[in-house]
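S.K.: First the structure, which I've put down as structure tokens, then a few questions once you've had a look.
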Amino acid sequence: MKEIYLDSNATTCVLPAAVAAARQAMEQGYGNPSSTHATGLQAKAMMDGVRQRAARLLGVGDGRLMFNSGATEGIQTAVLSALCALRERRDAGKRIGSLLLYGATEHKAVPESLAHWNRLLGLNLEVRKLPVDAQGRHDLQALGALIGDAAMLCTMAANNETGVVSDLSGIAHLLQERGADAYWMVDCVQALGKLKLNLAATRIDYAPFSGHKLYAPKGIGMLYVRAGAPFTPLMMGGGQEAGLRSGTENMAGIAALGAVLGALDDGKTFRSDADLAAFRVQLVASLERAFPGIVFNMPFDLSLPTTLNFSVPGLSSKELLDLFDAARVRVSSGSACSAAKALPSYVLEAMHVPQWRASSAIRLSFGPLIDAATITAACARIERCGEALRSSCLSPSTLAPSPQDGVVQLSVDGQCTWLLSDLASASCVVIDPVAALVPRLAAFIRCQHLALRAIVHTAAPADHGVARLALLQELEIEQVGRVDIDGELALGQQRLRRIECGETHVYLLEQRFAFIGNLASEALAPLLEAALLTQDTVLCASGDDGSICDTVRTVQDGSVPAAELQLDAAALPAFLRQHPDAILVDVREAYEHAACVGTVFEDCEVRSVPLSRLAGQVAAWLQQPQRPLVFFCRSGNRSARASACLRRLGHGAAWQLNGGMAMAEATRHPLAIAA
């Protein structure tokens with residue numbers, strides 16, 4: 001199955017005409033535009049032609065337009081230029097404002113550049129956020145109160161996470177009305193090709209652009225500087241770009257950017273605004289069918305039609321990313337520059353959306369080159385993702401329950417909730433519930449048609465029982481008799497026993513599992529002396545430190561896991577030939593499998609053991625500690641946790657597939673097929 005790329009706000013593919021133009025520049029037009037011979041003059045003519053086209057499309061007028069490496073360099077140059085001018089004015093005894101203002105939803109490059117150059121230049125001005133309203137637009141009332149003290153103002157044309165279009169005319173009117181002389185930079189990265197720009201007709205002093213956001217290669221961008229606006233080069237040397245930016249120009253990148261600008265100019269290559277808006281309507285309809293309760297985090301009427309930002313109740317952004325990725329639909333959880341940090345979206349936090357939405361948001365974005373067939377295919381896969389969630393009991397479903405027996409681990413914010421389910425008796429027990437996981441627990445219990453026998457805690461709950469009450473209310477169960485276990489509870493053919501350990505409790509499922517808050521060796525000693533535990537009892541803690549589970553033996557020995565055992569996708573076939581008894585273990589969750597089309601590996605036996613169910617399987621694997629286990633997942637993160645857990649518990653041959661299925665696909669190895 002071909003991937004469907006819906007992360008264009010992060011970067012785009014390169015327009016075929018741009019690839020051809022770059023190749024031509026490298027193979028035939030390779031002259032240095034600073035050279036005075038014919039080859040150099042030809043290169044300069046090409047570069048000047050691209051600049052002229054860009055100037056016309058952007059309405060540069062008498063302003064200057066320089067080529068650079070991209071928006072981050074453009075932002076640095078604009079900030080440096082403005083702050084150098086401010087220092088000169090202050091040194092000359094002139095008044096300057098005391099504030100460096102930036103929109104609270106700006107790209108991180110803006111406040112970090114302001115802070116950096118403010119410090120290095122010794123200005124020591126206050127760098128302050130300009131708040132935004134609930135729709136994500138700059139608060140003009142707040143700006144009005146601050147603009148008199150502003151030395152520089154940094155805003156953006158359209159937000160990279162939400163697609164919200166700024167009220168630039170409102171900001172300009174306010175600047176003019178108050179007679180403010182603050183320098184104004186507008187980040188136009190998401191505006192190129194999506195908004196009509198006539199820069200010379202505005203009050204904007206600086207506007208950075210980045211080519212890779214609109215089908216040009218990475219490493220090429222532009223900076224507009226208004227006529228009369230102060231300018232200080234960021235890079236000095238050979239005097240290229242009329243002294244604005246030294247360094248031999250990126251001719252291949254400029255040629256490619258020129259091809260993209262030519263496509264903008266012809267009015268045929270890219271989709272119209274009306275087409276893009278219609279595509280968004282299709283996507284929204286499919287998202288609403290797939291995810292009941294979905295909340296969109298941006299106002300449609302004030303946003304680019306190419307960007308959707310949404311949250312789904314009860315599902316984290318990571319789970320949604322895994323789900324979409326399994327269906328080969330590429331989306332993101334926010335800005336690509338900060339997505340790896342696993343933090344709530346600062347953009348959504350600035351809009352004061354509820355915390356769960358800021359922490360679980362997904363960004364879906366496409367470019368104006370997209371076609372109707374791709375949108376239709378994307379809608380089908382999105383709805384398939386919804387079906388996958390329903391079949392896995394993660395969203396409301398009328399489907400017949402699929403067997404889900406055993407021990408399930410759910411984690412959030414360093415806390416673990418354990419769910420014990422027994423299909424034979426159609427019953428379950430919840431241990432240490434966390435409020436954030438209540439919707440997930442309730443959906444699973446309802447979907448599986450399980451009777452909730454008890455909700456227990458290994459220690460006095462920090463939330464004073466809020467999560468327990470919320471779960472009971474969600475399931476419409478009376479509280480009486482549904483709180484704790486009095487000594488022992490029959491769970492099918494098994495017995496769950498409660499053991500008092502001072503102020504805490506341990507819950508024993510036979511001698512196979514112990515659900516415990518404190519994993520200290522001294523806390524286990526009385527249980528061992530009473531023969532309630534064995535050395536191989538699996539310990540399931542209430543805290544999540546990334547280790548998944550332990551055994552009594554490893555806690556007492558304080559053993560350190562063996563060195564990492566990693567396999568690259570290219571090395572896997574040879575490894576399997578050398579170890580025909582090896583077991584391939586897919587630790588992705590059930591909903592990811594349901595969203596997939598086809599199998600993961602051809603002609604290989606693969607066992608599915610989701611990471612959330614790993615604790616229930618480790619005892620069996622530890623009985624064969626030298627039989628190779630090769631764990632894999634989407635990116636390699638979960639498989640790394642699984643293999644580290646097994647090695648720590650004493651399994652000497654627990655490997656992981658380095659880079660996961662993402663790298664397996666990239667290598668196009670014969671074993672790997674579309675997942």
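Going by the structure tokens order, chains are called A, B, ..., each with residues numbered from 1, while ligands are numbered from 1 in the order shown.
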At a cut-off of 9 Å, using only C-alpha atoms, what residues contact Asp181 of chain A? Leave out same-chain residues fewer than 4 positions from it and give the result as a ChimeraX atom specification.

M.R.: /A:96-97,148,150-152,175-176

S.K.: Let's see if you can do this: from backbone DSSP, list all strand (DSSP E) residues in segment 53-284 of chain A, as a ChimeraX atom specification.

M.R.: /A:64-68,99-103,126-130,150-156,183-187,206-210,221-225

S.K.: Can you tell me, as a list in words, what residues are no more than 10 Å from segment 141-144 of chain A when counting only C-alpha atoms, ignoring any on the same chain fewer than 4 positions away?

M.R.: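 The residues satisfying every condition are Leu101, Gly103, Leu130, Pro131, Val132, Gly148, Ala150, Leu153, Ile171, Leu174, Leu175, Glu177 and Arg178 of chain A.
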
S.K.: Write out, as a Markdown table, each residue of segment 98-195 of chain A that has an atom at most 8 Å from segment 78-86 of chain A, together with the closest pair of atoms and their distance in Å to one decimal, counting only C-alpha atoms, rows going by chain and rising number.

M.R.:
| residue | atom | partner | partner_atom | distance |
| --- | --- | --- | --- | --- |
| A:Ser113 | CA | A:Val79 | CA | 6.8 |
| A:Leu114 | CA | A:Val79 | CA | 6.4 |
| A:Trp117 | CA | A:Leu80 | CA | 6.3 |
| A:Asn118 | CA | A:Leu83 | CA | 7.1 |
| A:Leu121 | CA | A:Cys84 | CA | 7.5 |
| A:Leu123 | CA | A:Leu83 | CA | 7.9 |
| A:Ala151 | CA | A:Leu86 | CA | 7.5 |
| A:Met152 | CA | A:Ala82 | CA | 7.3 |
| A:Tyr183 | CA | A:Ala82 | CA | 6.5 |
| A:Met185 | CA | A:Ala78 | CA | 7.1 |

S.K.: Work out how far atom CA of Asp273 of chain A is from atom CA of Gly74 of chain A, in Å to one decimal.

M.R.: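 Taking atom CA of Gly74 of chain A and atom CA of Asp273 of chain A, their separation equals 27.5 Å.
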
S.K.: Which residues of segment 28-66 of chain A come within 9 Å of segment 249-261 of chain A, and for each one, what is the closest pair of atoms and their distance in Å to one decimal, counting only C-alpha atoms, sorted by chain and residue number, as a Markdown table?

M.R.:
| residue | atom | partner | partner_atom | distance |
| --- | --- | --- | --- | --- |
| A:Gly29 | CA | A:Met251 | CA | 8.5 |
| A:Tyr30 | CA | A:Met251 | CA | 7.6 |
| A:Gly31 | CA | A:Met251 | CA | 8.6 |
| A:Asn32 | CA | A:Glu249 | CA | 8.1 |
| A:Pro33 | CA | A:Glu249 | CA | 7.8 |
| A:Ala43 | CA | A:Met251 | CA | 7.7 |
| A:Met46 | CA | A:Ala255 | CA | 7.3 |
| A:Met47 | CA | A:Ile254 | CA | 6.7 |
| A:Gly49 | CA | A:Gly258 | CA | 8.1 |
| A:Val50 | CA | A:Gly258 | CA | 5.0 |
| A:Arg51 | CA | A:Gly258 | CA | 8.1 |
| A:Arg53 | CA | A:Leu261 | CA | 7.1 |
| A:Ala54 | CA | A:Leu261 | CA | 6.7 |
| A:Leu57 | CA | A:Leu261 | CA | 8.0 |

S.K.: Choose the residue, out of A:Leu614, A:Ala92, A:Val329, A:Val407, that has the smallest atom-to-atom separation from Leu6 of chain A; count only C-alpha atoms.

M.R.: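 Using only C-alpha atoms, the shortest distance to Leu6 of chain A belongs to A:Val329.
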
S.K.: Considering only C-alpha atoms, return as a ChimeraX atom specification whatever protein or nucleic-acid residues lie within 8 Å of segment 530-534 of chain A, sequence-local ones (same chain, fewer than 4 positions apart) excluded.

M.R.: /A:511-512,514,526,552

S.K.: List the neighbours of segment 318-321 of chain A out to 7 Å using only C-alpha atoms; skip same-chain residues closer than 4 positions along the sequence, and give me the result as number ranges by chain.

M.R.: A: 325, 331-332

S.K.: Residues of the last selection are to be written out with C-alpha atoms, as a PDB file, in the first residue's frame.

M.R.:
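Here's the written file out24.pdb:
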ATOM      1  CA  ASP A 325       1.207   5.138  10.748  1.00  0.00           C
ATOM      2  CA  VAL A 331       0.456  12.847  10.239  1.00  0.00           C
ATOM      3  CA  SER A 332       2.165  14.552  13.179  1.00  0.00           C
TER       4      SER A 332
END

S.K.: Within 7 Å of Ser421 of chain A, counting only C-alpha atoms, which residues qualify if same-chain residues fewer than 6 places away don't, as a PyMOL selection string?

M.R.: chain A and resi 405-407+427-429

S.K.: Leaving out Cys379 of chain A and any residue of its chain fewer than 6 positions from it, which residues lie within 12 Å of it when counting only C-alpha atoms, given as a list in words?

M.R.: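 Skipping anything fewer than 6 positions along the chain leaves Ile4, Leu6, Phe279, Arg280, Val281, Gln282, Leu283, Val284, Ala285, Ser286, Leu287, Glu288, Arg289, Ala290, Phe324, Ala327, Val329, Ala372, Ala373, Cys385 and Gly386 of chain A.
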
S.K.: Quick one: pull the distance between atom CA of Val14 of chain A and atom CA of Ala157 of chain A, Å, one decimal.

M.R.: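 Distance reported for this atom pair: 23.1 Å.
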